[in-house]
$ cat upload_8.pdb   # PDB, C-alpha atoms
ATOM      1  CA  MET A   1      -8.099 -16.250   3.228
ATOM      2  CA  SER A   2      -5.004 -17.668   4.784
ATOM      3  CA  ASP A   3      -3.353 -20.088   7.059
ATOM      4  CA  ARG A   4      -2.451 -17.409   9.479
ATOM      5  CA  GLY A   5       1.115 -16.576  10.272
ATOM      6  CA  ARG A   6       3.690 -15.091  12.498
ATOM      7  CA  ARG A   7       3.171 -11.817  10.773
ATOM      8  CA  GLY A   8       1.993 -10.050  13.902
ATOM      9  CA  GLY A   9      -1.429 -10.555  12.739
ATOM     10  CA  GLU A  10      -3.496 -13.062  10.467
ATOM     11  CA  GLY A  11      -6.108 -13.436   5.462
ATOM     12  CA  GLY A  12     -19.843  -4.571   5.078
ATOM     13  CA  GLY A  13     -22.097  -2.791   7.127
ATOM     14  CA  GLY A  14     -25.800  -3.235   7.550
ATOM     15  CA  GLU A  15     -27.977  -6.198   8.391
ATOM     16  CA  ARG A  16     -27.344  -8.022   5.162
ATOM     17  CA  GLY A  17     -23.885  -8.809   6.539
ATOM     18  CA  GLY A  18     -25.551 -11.346   8.804
ATOM     19  CA  ALA A  19     -26.413  -9.345  11.932
ATOM     20  CA  ARG A  20     -29.427 -10.350  13.960
ATOM     21  CA  GLY A  21     -32.498  -8.183  13.693
ATOM     22  CA  GLY A  22     -35.650  -7.798  15.706
ATOM     23  CA  GLY A  23     -38.617  -9.646  14.274
ATOM     24  CA  PRO A  24     -42.262  -9.431  15.322
ATOM     25  CA  GLY A  25     -42.612  -8.979  19.047
ATOM     26  CA  GLY A  26     -38.883  -8.323  19.390
ATOM     27  CA  ALA A  27     -37.956 -11.940  18.553
ATOM     28  CA  ARG A  28     -34.625 -12.320  16.871
ATOM     29  CA  ARG A  29     -34.498 -13.906  13.436
ATOM     30  CA  ARG A  30     -31.847 -15.039  11.002
ATOM     31  CA  LEU A  31     -31.312 -12.695   8.094
ATOM     32  CA  PRO A  32     -30.219 -13.725   4.604
ATOM     33  CA  PRO A  33     -26.495 -14.126   4.024
ATOM     34  CA  PRO A  34     -24.679 -11.339   2.189
ATOM     35  CA  LEU A  35     -23.956 -11.382  -1.513
ATOM     36  CA  PRO A  36     -20.516 -12.705  -2.582
ATOM     37  CA  VAL A  37     -17.682 -10.217  -2.178
ATOM     38  CA  LEU A  38     -15.123  -9.763  -4.955
ATOM     39  CA  PRO A  39     -11.646  -8.681  -3.792
ATOM     40  CA  SER A  40     -10.038  -5.591  -5.205
ATOM     41  CA  SER A  41      -6.834  -6.107  -7.178
ATOM     42  CA  GLN A  42      -5.164  -3.959  -4.522
ATOM     43  CA  GLU A  43      -6.102  -6.285  -1.648
ATOM     44  CA  TRP A  44      -2.800  -7.783  -0.476
ATOM     45  CA  TRP A  45      -4.420 -10.941   0.886
ATOM     46  CA  ALA A  46      -5.824 -11.917  -2.520
ATOM     47  CA  SER A  47      -2.376 -13.064  -3.698
ATOM     48  CA  TYR A  48      -0.208 -13.191  -0.557
ATOM     49  CA  PHE A  49      -0.879 -16.727   0.660
ATOM     50  CA  ASP A  50       1.198 -18.725  -1.792
ATOM     51  CA  ALA A  51       4.332 -20.871  -1.829
ATOM     52  CA  GLN A  52       6.429 -17.910  -0.689
ATOM     53  CA  TYR A  53       4.177 -17.459   2.333
ATOM     54  CA  LEU A  54       4.675 -21.103   3.313
ATOM     55  CA  LEU A  55       8.444 -20.744   2.926
ATOM     56  CA  GLU A  56       8.478 -17.506   4.898
ATOM     57  CA  TYR A  57       6.669 -18.926   7.927
ATOM     58  CA  GLU A  58       7.989 -22.474   7.625
ATOM     59  CA  PRO A  59       9.871 -22.410  10.970
ATOM     60  CA  ILE A  60       6.651 -22.079  12.993
ATOM     61  CA  PHE A  61       4.579 -24.651  11.099
ATOM     62  CA  THR A  62       5.437 -27.763  13.117
ATOM     63  CA  LEU A  63       3.249 -30.801  13.759
ATOM     64  CA  GLN A  64       4.120 -30.741  17.450
ATOM     65  CA  LYS A  65       2.870 -27.154  17.792
ATOM     66  CA  ASP A  66      -0.247 -27.921  15.754
ATOM     67  CA  ARG A  67      -1.121 -30.871  18.009
ATOM     68  CA  GLN A  68      -0.602 -28.809  21.156
ATOM     69  CA  GLU A  69      -2.912 -26.085  19.866
ATOM     70  CA  VAL A  70      -5.603 -28.546  18.797
ATOM     71  CA  ALA A  71      -5.452 -30.268  22.183
ATOM     72  CA  ARG A  72      -6.064 -26.901  23.823
ATOM     73  CA  LEU A  73      -8.952 -26.144  21.437
ATOM     74  CA  VAL A  74     -10.593 -29.468  22.259
ATOM     75  CA  ASP A  75     -10.260 -28.701  25.967
ATOM     76  CA  VAL A  76     -11.797 -25.232  25.607
ATOM     77  CA  LEU A  77     -14.615 -26.278  23.271
ATOM     78  CA  GLN A  78     -15.858 -29.216  25.356
ATOM     79  CA  LEU A  79     -17.860 -30.506  22.386
ATOM     80  CA  PRO A  80     -18.935 -34.123  21.824
ATOM     81  CA  VAL A  81     -17.465 -36.266  19.063
ATOM     82  CA  GLY A  82     -19.262 -35.535  15.810
ATOM     83  CA  ALA A  83     -19.875 -31.856  16.551
ATOM     84  CA  ARG A  84     -19.665 -29.588  13.504
ATOM     85  CA  ILE A  85     -16.719 -27.185  13.437
ATOM     86  CA  LEU A  86     -15.831 -24.498  10.895
ATOM     87  CA  ASP A  87     -12.192 -23.425  10.586
ATOM     88  CA  VAL A  88     -12.101 -20.100   8.724
ATOM     89  CA  PRO A  89      -9.762 -19.222   7.196
ATOM     90  CA  CYS A  90      -8.323 -22.715   7.344
ATOM     91  CA  GLY A  91      -5.172 -22.188   5.266
ATOM     92  CA  GLN A  92      -3.238 -25.392   4.695
ATOM     93  CA  GLY A  93      -5.486 -27.322   7.079
ATOM     94  CA  ARG A  94      -3.081 -27.599  10.002
ATOM     95  CA  HIS A  95      -5.860 -27.482  12.587
ATOM     96  CA  ALA A  96      -8.807 -28.745  10.527
ATOM     97  CA  HIS A  97      -7.077 -32.031   9.696
ATOM     98  CA  LEU A  98      -6.228 -32.776  13.325
ATOM     99  CA  LEU A  99      -9.717 -31.830  14.518
ATOM    100  CA  ALA A 100     -11.198 -34.295  12.016
ATOM    101  CA  GLU A 101      -8.781 -36.934  13.312
ATOM    102  CA  ALA A 102     -10.108 -36.213  16.811
ATOM    103  CA  GLY A 103     -13.624 -37.167  15.690
ATOM    104  CA  TYR A 104     -15.199 -33.832  14.776
ATOM    105  CA  ASN A 105     -17.139 -33.037  11.612
ATOM    106  CA  VAL A 106     -15.019 -30.265  10.099
ATOM    107  CA  ASP A 107     -15.366 -27.748   7.283
ATOM    108  CA  GLY A 108     -12.528 -25.465   6.269
ATOM    109  CA  LEU A 109     -12.881 -22.316   4.182
ATOM    110  CA  ASP A 110     -10.093 -20.252   2.672
ATOM    111  CA  TYR A 111      -9.622 -17.825  -0.219
ATOM    112  CA  SER A 112      -6.164 -19.089  -1.213
ATOM    113  CA  ALA A 113      -6.344 -21.837  -3.838
ATOM    114  CA  HIS A 114      -2.694 -22.682  -3.150
ATOM    115  CA  LEU A 115      -3.245 -23.254   0.558
ATOM    116  CA  LEU A 116      -6.430 -25.225  -0.093
ATOM    117  CA  ASP A 117      -4.493 -27.539  -2.391
ATOM    118  CA  ARG A 118      -2.039 -28.121   0.438
ATOM    119  CA  ALA A 119      -4.899 -28.750   2.847
ATOM    120  CA  LYS A 120      -6.572 -31.271   0.546
ATOM    121  CA  ALA A 121      -3.250 -33.063   0.076
ATOM    122  CA  ARG A 122      -3.333 -33.854   3.803
ATOM    123  CA  GLY A 123      -6.564 -35.756   3.174
ATOM    124  CA  THR A 124     -10.310 -35.224   2.950
ATOM    125  CA  GLY A 125     -13.324 -37.389   3.704
ATOM    126  CA  LYS A 126     -16.880 -37.484   5.010
ATOM    127  CA  SER A 127     -15.816 -35.632   8.154
ATOM    128  CA  LEU A 128     -13.398 -33.163   6.507
ATOM    129  CA  ARG A 129     -14.301 -30.855   3.642
ATOM    130  CA  TYR A 130     -12.697 -27.750   2.157
ATOM    131  CA  THR A 131     -14.375 -24.833   0.373
ATOM    132  CA  ARG A 132     -12.897 -21.824  -1.381
ATOM    133  CA  GLY A 133     -14.539 -18.554  -0.419
ATOM    134  CA  ASP A 134     -14.425 -15.161   1.282
ATOM    135  CA  MET A 135     -15.089 -15.041   5.013
ATOM    136  CA  ARG A 136     -17.116 -11.853   4.581
ATOM    137  CA  ALA A 137     -19.746 -13.910   2.718
ATOM    138  CA  LEU A 138     -19.867 -17.516   3.903
ATOM    139  CA  PRO A 139     -22.070 -19.955   1.938
ATOM    140  CA  ALA A 140     -25.797 -19.347   2.443
ATOM    141  CA  ARG A 141     -26.415 -23.032   3.122
ATOM    142  CA  TRP A 142     -24.251 -22.814   6.264
ATOM    143  CA  SER A 143     -26.705 -20.682   8.269
ATOM    144  CA  GLY A 144     -27.088 -22.151  11.766
ATOM    145  CA  ARG A 145     -24.973 -25.191  10.882
ATOM    146  CA  PHE A 146     -21.922 -25.153  13.181
ATOM    147  CA  ASP A 147     -21.420 -25.871  16.861
ATOM    148  CA  ALA A 148     -18.155 -23.921  16.762
ATOM    149  CA  VAL A 149     -16.344 -21.469  14.498
ATOM    150  CA  LEU A 150     -12.562 -21.097  14.749
ATOM    151  CA  ASN A 151     -10.667 -18.021  13.574
ATOM    152  CA  LEU A 152      -7.041 -18.711  14.427
ATOM    153  CA  PHE A 153      -3.544 -17.280  14.035
ATOM    154  CA  THR A 154      -4.529 -13.624  13.596
ATOM    155  CA  SER A 155      -6.607 -14.436  10.522
ATOM    156  CA  PHE A 156      -8.547 -11.203  10.973
ATOM    157  CA  GLY A 157      -8.185  -7.497  10.226
ATOM    158  CA  PHE A 158      -7.138  -8.029   6.606
ATOM    159  CA  PHE A 159      -9.527  -5.596   4.982
ATOM    160  CA  THR A 160      -9.059  -1.926   4.153
ATOM    161  CA  ASP A 161     -12.535  -1.040   5.431
ATOM    162  CA  PRO A 162     -12.990  -1.867   9.146
ATOM    163  CA  ASN A 163     -16.708  -2.422   8.443
ATOM    164  CA  ASP A 164     -15.629  -5.589   6.641
ATOM    165  CA  ASP A 165     -14.141  -6.903   9.891
ATOM    166  CA  ALA A 166     -17.502  -6.364  11.569
ATOM    167  CA  ALA A 167     -19.169  -8.183   8.662
ATOM    168  CA  VAL A 168     -16.865 -11.161   9.241
ATOM    169  CA  ILE A 169     -17.947 -11.405  12.872
ATOM    170  CA  ARG A 170     -21.596 -11.244  11.810
ATOM    171  CA  GLU A 171     -20.992 -14.064   9.370
ATOM    172  CA  PHE A 172     -19.430 -16.158  12.133
ATOM    173  CA  ALA A 173     -22.551 -15.595  14.229
ATOM    174  CA  ARG A 174     -24.871 -16.407  11.318
ATOM    175  CA  VAL A 175     -23.438 -19.871  10.760
ATOM    176  CA  LEU A 176     -23.408 -20.834  14.462
ATOM    177  CA  THR A 177     -26.172 -22.813  16.119
ATOM    178  CA  PRO A 178     -27.819 -21.089  19.117
ATOM    179  CA  GLY A 179     -25.328 -21.472  21.957
ATOM    180  CA  GLY A 180     -22.541 -22.170  19.471
ATOM    181  CA  VAL A 181     -18.975 -21.138  20.292
ATOM    182  CA  LEU A 182     -16.574 -18.783  18.528
ATOM    183  CA  ILE A 183     -12.875 -19.127  19.276
ATOM    184  CA  TRP A 184     -10.817 -16.166  18.062
ATOM    185  CA  HIS A 185      -7.044 -16.323  18.335
ATOM    186  CA  GLY A 186      -4.583 -13.674  17.210
ATOM    187  CA  GLY A 187      -2.501 -10.660  18.036
ATOM    188  CA  SER A 188      -3.521  -8.398  20.902
ATOM    189  CA  ARG A 189      -2.971  -4.743  20.088
ATOM    190  CA  ASP A 190      -2.179  -3.951  23.725
ATOM    191  CA  GLY A 191       0.476  -6.638  24.023
ATOM    192  CA  VAL A 192       2.005  -6.152  20.577
ATOM    193  CA  MET A 193       2.455  -2.440  21.281
ATOM    194  CA  ALA A 194       3.794  -3.057  24.800
ATOM    195  CA  ARG A 195       6.585  -5.198  23.332
ATOM    196  CA  PHE A 196       6.802  -3.803  19.836
ATOM    197  CA  LEU A 197       9.448  -5.463  17.679
ATOM    198  CA  SER A 198      10.318  -3.238  14.740
ATOM    199  CA  LYS A 199      12.712  -5.687  13.048
ATOM    200  CA  ASP A 200      13.635  -9.359  13.151
ATOM    201  CA  TRP A 201      14.914 -12.069  10.826
ATOM    202  CA  TRP A 202      15.255 -15.843  10.582
ATOM    203  CA  MET A 203      16.385 -18.616   8.219
ATOM    204  CA  SER A 204      14.119 -21.112   6.475
ATOM    205  CA  ASN A 205      15.071 -24.760   6.118
ATOM    206  CA  ASP A 206      16.465 -24.243   2.614
ATOM    207  CA  GLY A 207      18.721 -21.376   3.702
ATOM    208  CA  THR A 208      16.481 -18.483   2.691
ATOM    209  CA  MET A 209      16.920 -15.470   4.966
ATOM    210  CA  VAL A 210      13.651 -13.725   5.828
ATOM    211  CA  ALA A 211      13.629 -10.267   7.413
ATOM    212  CA  HIS A 212      10.632  -8.289   8.657
ATOM    213  CA  GLU A 213      10.376  -4.541   9.185
ATOM    214  CA  ARG A 214       7.254  -3.378  11.017
ATOM    215  CA  SER A 215       5.533  -0.033  11.411
ATOM    216  CA  PHE A 216       2.312   0.819  13.198
ATOM    217  CA  ASP A 217      -0.226   3.576  12.605
ATOM    218  CA  ALA A 218      -1.913   4.325  15.929
ATOM    219  CA  LEU A 219      -4.889   6.112  14.369
ATOM    220  CA  SER A 220      -5.961   3.371  11.966
ATOM    221  CA  GLY A 221      -4.603   0.515  14.068
ATOM    222  CA  ILE A 222      -2.825  -0.862  10.994
ATOM    223  CA  LEU A 223       0.356  -2.884  11.439
ATOM    224  CA  SER A 224       2.423  -2.912   8.222
ATOM    225  CA  ILE A 225       5.007  -5.648   7.718
ATOM    226  CA  ARG A 226       7.568  -5.486   4.911
ATOM    227  CA  SER A 227       9.173  -8.846   4.149
ATOM    228  CA  THR A 228      12.578  -9.122   2.493
ATOM    229  CA  PHE A 229      13.795 -12.568   1.483
ATOM    230  CA  ARG A 230      17.061 -13.774  -0.045
ATOM    231  CA  GLY A 231      17.819 -17.414  -0.734
ATOM    232  CA  PRO A 232      19.096 -20.010  -3.176
ATOM    233  CA  LYS A 233      15.792 -20.083  -5.094
ATOM    234  CA  VAL A 234      14.015 -16.796  -4.404
ATOM    235  CA  LYS A 235      14.665 -13.177  -3.554
ATOM    236  CA  GLY A 236      12.440 -10.161  -3.324
ATOM    237  CA  GLU A 237      10.261  -7.955  -1.127
ATOM    238  CA  ARG A 238       6.567  -7.584  -0.398
ATOM    239  CA  GLU A 239       4.268  -6.090   2.220
ATOM    240  CA  HIS A 240       1.099  -7.005   4.055
ATOM    241  CA  ARG A 241      -1.069  -5.060   6.482
ATOM    242  CA  ILE A 242      -3.249  -6.103   9.397
ATOM    243  CA  ARG A 243      -5.580  -4.104  11.604
ATOM    244  CA  LEU A 244      -4.850  -4.973  15.234
ATOM    245  CA  TYR A 245      -7.628  -5.025  17.824
ATOM    246  CA  THR A 246      -7.854  -4.863  21.579
ATOM    247  CA  ALA A 247      -9.871  -7.483  23.435
ATOM    248  CA  THR A 248     -12.316  -4.737  24.388
ATOM    249  CA  ARG A 249     -13.013  -3.739  20.784
ATOM    250  CA  LEU A 250     -13.367  -7.348  19.641
ATOM    251  CA  ALA A 251     -15.830  -7.996  22.469
ATOM    252  CA  GLU A 252     -17.844  -4.993  21.245
ATOM    253  CA  LEU A 253     -17.895  -6.322  17.666
ATOM    254  CA  CYS A 254     -18.962  -9.732  18.938
ATOM    255  CA  ALA A 255     -21.702  -8.275  21.135
ATOM    256  CA  ALA A 256     -23.118  -6.343  18.191
ATOM    257  CA  ALA A 257     -23.446  -9.661  16.333
ATOM    258  CA  GLY A 258     -25.066 -11.505  19.245
ATOM    259  CA  LEU A 259     -21.890 -13.124  20.577
ATOM    260  CA  ILE A 260     -20.931 -12.675  24.209
ATOM    261  CA  VAL A 261     -17.240 -13.123  25.000
ATOM    262  CA  GLU A 262     -17.054 -15.321  28.079
ATOM    263  CA  GLN A 263     -13.328 -15.992  28.412
ATOM    264  CA  ALA A 264     -10.005 -14.483  27.370
ATOM    265  CA  PHE A 265      -6.679 -16.301  27.590
ATOM    266  CA  ASP A 266      -3.014 -15.529  26.982
ATOM    267  CA  ALA A 267      -2.665 -17.241  23.574
ATOM    268  CA  PHE A 268      -3.219 -21.027  23.796
ATOM    269  CA  SER A 269      -2.254 -21.201  27.468
ATOM    270  CA  GLU A 270      -4.584 -21.475  30.471
ATOM    271  CA  ARG A 271      -3.362 -18.115  31.795
ATOM    272  CA  PRO A 272      -5.866 -15.247  31.657
ATOM    273  CA  LEU A 273      -5.234 -12.471  29.158
ATOM    274  CA  ARG A 274      -2.853  -9.810  30.450
ATOM    275  CA  ARG A 275      -1.945  -6.337  29.290
ATOM    276  CA  ARG A 276       1.383  -7.524  27.884
ATOM    277  CA  SER A 277       0.026 -10.674  26.208
ATOM    278  CA  SER A 278       1.061 -10.428  22.568
ATOM    279  CA  GLU A 279      -1.527 -13.046  21.571
ATOM    280  CA  MET A 280      -5.024 -13.627  22.895
ATOM    281  CA  LEU A 281      -7.588 -16.393  22.630
ATOM    282  CA  LEU A 282     -11.173 -15.211  23.087
ATOM    283  CA  VAL A 283     -14.114 -17.550  23.644
ATOM    284  CA  GLY A 284     -17.513 -16.203  22.643
ATOM    285  CA  ARG A 285     -20.945 -17.781  22.588
ATOM    286  CA  TRP A 286     -23.889 -16.921  20.372
ATOM    287  CA  ALA A 287     -26.813 -15.968  22.616
ATOM    288  CA  PRO A 288     -29.280 -14.205  20.283
ATOM    289  CA  ALA A 289     -32.091 -13.931  22.823
ATOM    290  CA  LEU A 290     -30.153 -11.927  25.419
ATOM    291  CA  PRO A 291     -31.770  -8.503  25.968
ATOM    292  CA  GLY A 292     -29.527  -5.513  25.450
ATOM    293  CA  LEU A 293     -26.671  -7.690  24.320
ATOM    294  CA  THR A 294     -25.164  -5.023  22.119
ATOM    295  CA  ARG A 295     -24.581  -2.939  25.234
ATOM    296  CA  ARG A 296     -22.725  -5.676  27.065
ATOM    297  CA  LEU A 297     -19.065  -6.595  27.088
ATOM    298  CA  VAL A 298     -17.385  -9.344  29.002
ATOM    299  CA  THR A 299     -14.741  -9.685  31.708
ATOM    300  CA  ARG A 300     -13.761 -10.942  35.061
ATOM    301  CA  CYS A 301     -16.172 -12.056  37.767
ATOM    302  CA  SER A 302     -16.071 -14.721  40.468
ATOM    303  CA  ARG A 303     -17.306 -17.460  38.130
ATOM    304  CA  ARG A 304     -15.754 -16.604  34.754
ATOM    305  CA  PRO A 305     -12.115 -15.890  33.861
ATOM    306  CA  PHE A 306     -13.231 -12.914  31.785
ATOM    307  CA  ARG A 307     -16.345 -10.715  32.004
ATOM    308  CA  VAL A 308     -17.122  -7.008  32.242
ATOM    309  CA  GLY A 309     -19.960  -4.611  31.765
ATOM    310  CA  PHE A 310     -20.374  -1.543  29.613
ATOM    311  CA  PRO A 311     -20.014   1.277  30.405
ATOM    312  CA  PHE A 312     -17.926  -0.227  33.204
ATOM    313  CA  ALA A 313     -20.452   0.108  36.012
ATOM    314  CA  PRO A 314     -22.175  -2.556  38.158
ATOM    315  CA  ALA A 315     -25.443  -3.738  36.613
ATOM    316  CA  PRO A 316     -27.599  -6.884  36.614
ATOM    317  CA  CYS A 317     -26.021  -9.633  34.544
ATOM    318  CA  ALA A 318     -28.416 -10.618  31.767
ATOM    319  CA  ALA A 319     -26.174 -13.411  30.542
ATOM    320  CA  PHE A 320     -25.655 -15.078  33.928
ATOM    321  CA  PRO A 321     -28.507 -13.982  36.235
ATOM    322  CA  THR A 322     -27.583 -16.560  38.887
ATOM    323  CA  CYS A 323     -23.995 -15.337  39.185
ATOM    324  CA  PRO A 324     -23.286 -14.604  42.878
ATOM    325  CA  ASP A 325     -20.869 -11.785  42.093
ATOM    326  CA  PRO A 326     -22.758  -8.539  42.950
ATOM    327  CA  PHE A 327     -20.413  -6.542  40.707
ATOM    328  CA  ALA A 328     -20.793  -8.793  37.657
ATOM    329  CA  SER A 329     -22.338  -7.052  34.673
TER
END
$ encode --input "upload_8.pdb" --output "C-alpha cells"
Amino acid sequence: MSDRGRRGGEGGGGERGGARGGGPGGARRRLPPPLPVLPSSQEWWASYFDAQYLLEYEPIFTLQKDRQEVARLVDVLQLPVGARILDVPCGQGRHAHLLAEAGYNVDGLDYSAHLLDRAKARGTGKSLRYTRGDMRALPARWSGRFDAVLNLFTSFGFFTDPNDDAAVIREFARVLTPGGVLIWHGGSRDGVMARFLSKDWWMSNDGTMVAHERSFDALSGILSIRSTFRGPKVKGEREHRIRLYTATRLAELCAAAGLIVEQAFDAFSERPLRRRSSEMLLVGRWAPALPGLTRRLVTRCSRRPFRVGFPFAPAPCAAFPTCPDPFAS
C-alpha cells in the first residue's frame, strides 16, 4: 500500500480472511489465507503512492523523526535481537530499514512499486526483505511467522468496503506467532474531529506549494482530502479518502481477530491516549486461546495503561486473571 502520510490518515468478510475458528473441542486453529485481492481501477490507493506523493509529504519525512519513532517502537516492543518483524505497508522503508539496522529480522510489504523501489534503494540483505502485495491477502507462507506486525502512519482505512479493513486485521493476526504483538499507529477519529483542520498548505523543498482541503462524512467515517499542488515542475489536483476509526472500534476489530489491545498511547509519546489526541498508537497481542475474546475490549486498570470491558461493566478479567483491580474486565 503506502508509506503513510500526513494526510490525516494512512494505503473481506468471513473466515477465509484469516479469522480464527473453533476446531474440535473448541480449540482454535489457523485457517487458510485468503485468495489474492485485485484492486479496482477506481481504488485511489492503487496509483496514489508515487513520486508526487513523496514530494507532497516531503517536509515530514526526516531521518531524525524516523529514528525517534523507531526508538519508541523498540521500547514498546521489548523484543530480542533477531525477532521477526513485519512492516505493512512499509512504503519507502523508513522504519523497516532502521529496524533492520537495530538487529531485527524485517520484512516489508507494500502495494506501490514506486515506493518499494525507494525502499530497496536504501538497502536490502538477509535481515531486510521487501515484497509487493496487498495487505488484505498477505503471503500464505507467512502464517504464524512474525513476532510483531507494524501498521504505521495511518496506513489503514483505505478501502471502500469496511469489511476489507476487518480482513486486514485478521491477516495481521494470521501472520503473528502466539503472543505476537501488533502495533497500530494512525489518526484517531475522536481527536481529528475535536481539532478538525479543514484547510492547510505548505511548501516542498523545491518550491512546490501543496494545499489540502478536507471534508468529513460522519455517517461513513470517511475523511476526504483534496490536494492541490503548484510548482516549478508539477501542478494539478487529486483526492484520496480514508476511513477514520476510534480506539474503541479498532479494539473491537482486533478482538474479533483474536488480538487484545493492551495499551493505547498519544501517538509515539509515552502519554496515554486522550480524547483530543489526533494520533494514537495501539498495542495489541494475539491471544487465540482466550475464552470469549470477541466480547472483550481493552482499557485502563491499575496495571495497564489501557484496558476496558464490554459492555462497560465489571467482570472477571480473562486476559489477566491475577490483576488486583476488582473493576478490571
$ closest_residue --input "upload_8.pdb" --among "A:Arg174, A:Arg122, A:Arg189, A:Arg145" --to "Ala247 (chain A)" --atoms "all atoms listed in the file"
A:Arg189
$ residues_around --input "upload_8.pdb" --residues "Gly186 (chain A)" --least-positions-apart "6" --cutoff "8 Å" --atoms "all atoms listed in the file" --output "ChimeraX atom specification"
/A:9-10,152-156,267,279-281
$ resolve_selection --input "upload_8.pdb" --expression "the PyMOL selection byres ((chain A and resi 47-50) around 7)" --output "PDB file with C-alpha atoms, in the frame of the given file"
ATOM      1  CA  SER A   2      -5.004 -17.668   4.784  1.00  0.00           C
ATOM      2  CA  TRP A  44      -2.800  -7.783  -0.476  1.00  0.00           C
ATOM      3  CA  TRP A  45      -4.420 -10.941   0.886  1.00  0.00           C
ATOM      4  CA  ALA A  46      -5.824 -11.917  -2.520  1.00  0.00           C
ATOM      5  CA  ALA A  51       4.332 -20.871  -1.829  1.00  0.00           C
ATOM      6  CA  GLN A  52       6.429 -17.910  -0.689  1.00  0.00           C
ATOM      7  CA  TYR A  53       4.177 -17.459   2.333  1.00  0.00           C
ATOM      8  CA  LEU A  54       4.675 -21.103   3.313  1.00  0.00           C
ATOM      9  CA  SER A 112      -6.164 -19.089  -1.213  1.00  0.00           C
ATOM     10  CA  HIS A 114      -2.694 -22.682  -3.150  1.00  0.00           C
ATOM     11  CA  LEU A 115      -3.245 -23.254   0.558  1.00  0.00           C
TER      12      LEU A 115
END
$ resolve_selection --input "upload_8.pdb" --expression "the PyMOL selection byres ((chain A and resi 262) around 6)" --output "PyMOL selection string"
chain A and resi 261+263+283-284+306
$ closest_residue --input "upload_8.pdb" --among "A:Met203, A:Ala287, A:Leu176, A:Val234" --to "Ile260 (chain A)" --atoms "all atoms listed in the file"
A:Ala287
$ build_atoms --input "upload_8.pdb" --residues "region 64-75 of chain A" --atoms "N, CA, C and O atoms" --output "CSV table (one decimal), keeping the file's coordinate frame"
chain,number,residue,atom,x,y,z
A,64,GLN,N,4.2,-30.7,16.0
A,64,GLN,CA,4.1,-30.7,17.4
A,64,GLN,C,3.3,-29.5,17.9
A,64,GLN,O,2.4,-29.7,18.8
A,65,LYS,N,3.6,-28.4,17.4
A,65,LYS,CA,2.9,-27.2,17.8
A,65,LYS,C,1.4,-27.2,17.4
A,65,LYS,O,0.5,-26.9,18.2
A,66,ASP,N,1.1,-27.8,16.2
A,66,ASP,CA,-0.2,-27.9,15.8
A,66,ASP,C,-1.0,-28.8,16.7
A,66,ASP,O,-2.2,-28.5,17.1
A,67,ARG,N,-0.4,-29.9,17.1
A,67,ARG,CA,-1.1,-30.9,18.0
A,67,ARG,C,-1.4,-30.2,19.4
A,67,ARG,O,-2.4,-30.5,20.0
A,68,GLN,N,-0.4,-29.5,19.9
A,68,GLN,CA,-0.6,-28.8,21.2
A,68,GLN,C,-1.8,-27.8,21.1
A,68,GLN,O,-2.6,-27.7,22.0
A,69,GLU,N,-1.8,-27.1,20.0
A,69,GLU,CA,-2.9,-26.1,19.9
A,69,GLU,C,-4.3,-26.8,19.7
A,69,GLU,O,-5.3,-26.3,20.3
A,70,VAL,N,-4.3,-27.8,19.0
A,70,VAL,CA,-5.6,-28.5,18.8
A,70,VAL,C,-6.0,-29.2,20.1
A,70,VAL,O,-7.2,-29.2,20.4
A,71,ALA,N,-5.1,-29.7,20.9
A,71,ALA,CA,-5.5,-30.3,22.2
A,71,ALA,C,-6.1,-29.2,23.1
A,71,ALA,O,-7.1,-29.5,23.8
A,72,ARG,N,-5.5,-28.0,23.0
A,72,ARG,CA,-6.1,-26.9,23.8
A,72,ARG,C,-7.5,-26.5,23.3
A,72,ARG,O,-8.4,-26.2,24.1
A,73,LEU,N,-7.6,-26.5,22.0
A,73,LEU,CA,-9.0,-26.1,21.4
A,73,LEU,C,-10.0,-27.2,21.9
A,73,LEU,O,-11.1,-26.8,22.3
A,74,VAL,N,-9.7,-28.4,21.8
A,74,VAL,CA,-10.6,-29.5,22.3
A,74,VAL,C,-11.0,-29.3,23.7
A,74,VAL,O,-12.1,-29.4,24.1
A,75,ASP,N,-10.0,-28.9,24.5
A,75,ASP,CA,-10.3,-28.7,26.0
A,75,ASP,C,-11.2,-27.5,26.2
A,75,ASP,O,-12.1,-27.5,27.0
